[in-house]
Amino acid sequence: MSAANASLYQIEDKLLITVDTVELVPEEEAAFKAELEEQIARMIAAEVAKVDGVSRMLAHFENQAAFAAQEIKLLQDRKRAFERSHERLESCVKLAMEIAGKTNLEGTTSTLALRRSPISVFVRNFDQVPAEYFTVKIERWVDKDKVKRALKAAIEVPGAELVEDRFHLVRR
């Protein structure tokens with residue numbers, strides 16, 4: 001397997017094995033030792049190239065995610081603009097039909113019609129509605145920032161602890 005096709009893990013694993021092997025080679029086998037040292041140098045170069053390649057891919061994925069987020073925002077803005085245009089046009093057509101006293105407008109390929117909406121409730125004053133007509137929704141979540149501050153201040157929080165043994169990858 002060539003170093004270019006090997007994974008970072010495979011390169012690192014082979015590098016560790018070769019370093020361990022070179023330490024076991026007796027001094028009288030200098031040519032073999034030199035060959036192993038050349039292999040180590042090539043593997044280190046391959047590892048550096050692989051790290052750079054991985055880093056470039058991470059940067060590419062970050063950029064693609066940022067680009068996608070930007071496109072999502074643009075598409076959401078465009079969607080809202082279309083929704084507002086739809087509402088304005090619908091409102092204008094309804095007003096024109098009401099003023100003209102018409103309930104149907106016939107086109108060549110479509111018809112616009114006014115229909116009564118289903119009965120709905122409009123709440124004029126929220127505070128005057130009796131409690132029996134309310135539904136209460138309670139959401140619970142742990143405020144991790146608050147817990148973190150308490151734990152750092154040596155305040156015991158049952159069921160929670162500070163964890164420092166996790167890692168995240170930093171690309172520089």
# chains A, B, ... in the order shown; residues from 1 in each chain; ligands from 1

call {"tool": "closest_atom_pairs", "arguments": {"of": "range 43-90 of chain A", "to": "range 13-29 of chain A", "cutoff": "10 Å", "atoms": "only C-alpha atoms", "output": "tab-separated table"}}
result
residue	atom	partner	partner_atom	distance
A:Met43	CA	A:Leu15	CA	6.3
A:Ile44	CA	A:Leu15	CA	7.6
A:Glu47	CA	A:Leu15	CA	9.1

call {"tool": "closest_atom_pairs", "arguments": {"of": "range 40-68 of chain A", "to": "range 157-170 of chain A", "cutoff": "12 Å", "atoms": "only C-alpha atoms", "output": "CSV"}}
result
residue,atom,partner,partner_atom,distance
A:Val54,CA,A:Leu169,CA,11.5
A:Ser55,CA,A:Val170,CA,9.5
A:Leu58,CA,A:Val170,CA,10.0
A:Ala59,CA,A:Val170,CA,11.0

call {"tool": "residues_around", "arguments": {"residues": "range 88-97 of chain A", "least_positions_apart": "4", "cutoff": "12 Å", "atoms": "only C-alpha atoms", "output": "PyMOL selection string"}}
result
chain A and resi 81-84+101-106+112-116

call {"tool": "write_last_selection", "arguments": {"atoms": "N, CA and C atoms", "output": "PDB file, in the first residue's frame"}}
result
ATOM      1  N   ALA A  81     -40.942  36.530   0.525  1.00  0.00           N
ATOM      2  CA  ALA A  81     -41.369  37.539  -0.450  1.00  0.00           C
ATOM      3  C   ALA A  81     -42.506  36.993  -1.320  1.00  0.00           C
ATOM      4  N   PHE A  82     -42.386  35.732  -1.763  1.00  0.00           N
ATOM      5  CA  PHE A  82     -43.458  35.124  -2.557  1.00  0.00           C
ATOM      6  C   PHE A  82     -44.734  34.993  -1.733  1.00  0.00           C
ATOM      7  N   GLU A  83     -44.604  34.620  -0.460  1.00  0.00           N
ATOM      8  CA  GLU A  83     -45.782  34.494   0.410  1.00  0.00           C
ATOM      9  C   GLU A  83     -46.465  35.841   0.595  1.00  0.00           C
ATOM     10  N   ARG A  84     -45.665  36.909   0.783  1.00  0.00           N
ATOM     11  CA  ARG A  84     -46.261  38.250   0.919  1.00  0.00           C
ATOM     12  C   ARG A  84     -46.954  38.675  -0.374  1.00  0.00           C
ATOM     13  N   GLY A 101     -69.428  42.704  -6.054  1.00  0.00           N
ATOM     14  CA  GLY A 101     -70.541  41.858  -5.660  1.00  0.00           C
ATOM     15  C   GLY A 101     -70.518  40.510  -6.343  1.00  0.00           C
ATOM     16  N   LYS A 102     -69.357  40.015  -6.712  1.00  0.00           N
ATOM     17  CA  LYS A 102     -69.251  38.731  -7.402  1.00  0.00           C
ATOM     18  C   LYS A 102     -68.648  37.686  -6.468  1.00  0.00           C
ATOM     19  N   THR A 103     -69.113  36.451  -6.622  1.00  0.00           N
ATOM     20  CA  THR A 103     -68.545  35.353  -5.846  1.00  0.00           C
ATOM     21  C   THR A 103     -67.692  34.433  -6.729  1.00  0.00           C
ATOM     22  N   ASN A 104     -67.778  34.606  -8.060  1.00  0.00           N
ATOM     23  CA  ASN A 104     -66.980  33.809  -9.000  1.00  0.00           C
ATOM     24  C   ASN A 104     -66.405  34.707 -10.073  1.00  0.00           C
ATOM     25  N   LEU A 105     -65.164  34.401 -10.483  1.00  0.00           N
ATOM     26  CA  LEU A 105     -64.559  35.034 -11.651  1.00  0.00           C
ATOM     27  C   LEU A 105     -64.052  33.903 -12.533  1.00  0.00           C
ATOM     28  N   GLU A 106     -64.552  33.867 -13.771  1.00  0.00           N
ATOM     29  CA  GLU A 106     -64.197  32.791 -14.693  1.00  0.00           C
ATOM     30  C   GLU A 106     -63.076  33.242 -15.618  1.00  0.00           C
ATOM     31  N   LEU A 112     -61.798  31.696 -10.047  1.00  0.00           N
ATOM     32  CA  LEU A 112     -61.570  32.187  -8.692  1.00  0.00           C
ATOM     33  C   LEU A 112     -62.938  32.315  -8.036  1.00  0.00           C
ATOM     34  N   ALA A 113     -63.054  31.809  -6.821  1.00  0.00           N
ATOM     35  CA  ALA A 113     -64.354  31.850  -6.150  1.00  0.00           C
ATOM     36  C   ALA A 113     -64.168  32.249  -4.697  1.00  0.00           C
ATOM     37  N   LEU A 114     -65.137  32.995  -4.176  1.00  0.00           N
ATOM     38  CA  LEU A 114     -65.159  33.326  -2.756  1.00  0.00           C
ATOM     39  C   LEU A 114     -66.024  32.295  -2.045  1.00  0.00           C
ATOM     40  N   ARG A 115     -65.517  31.712  -0.996  1.00  0.00           N
ATOM     41  CA  ARG A 115     -66.269  30.766  -0.179  1.00  0.00           C
ATOM     42  C   ARG A 115     -66.180  31.205   1.258  1.00  0.00           C
ATOM     43  N   ARG A 116     -67.225  30.910   2.011  1.00  0.00           N
ATOM     44  CA  ARG A 116     -67.197  31.217   3.441  1.00  0.00           C
ATOM     45  C   ARG A 116     -66.152  30.363   4.127  1.00  0.00           C
TER      46      ARG A 116
END

call {"tool": "select_by_dssp", "arguments": {"residues": "chain A", "states": "strand (DSSP E or B)", "output": "ChimeraX atom specification"}}
result
/A:104-106,111-113

call {"tool": "atom_distance", "arguments": {"atom1": "CA of Ser7 in chain A", "atom2": "CA of Val48 in chain A"}}
result
12.0 Å
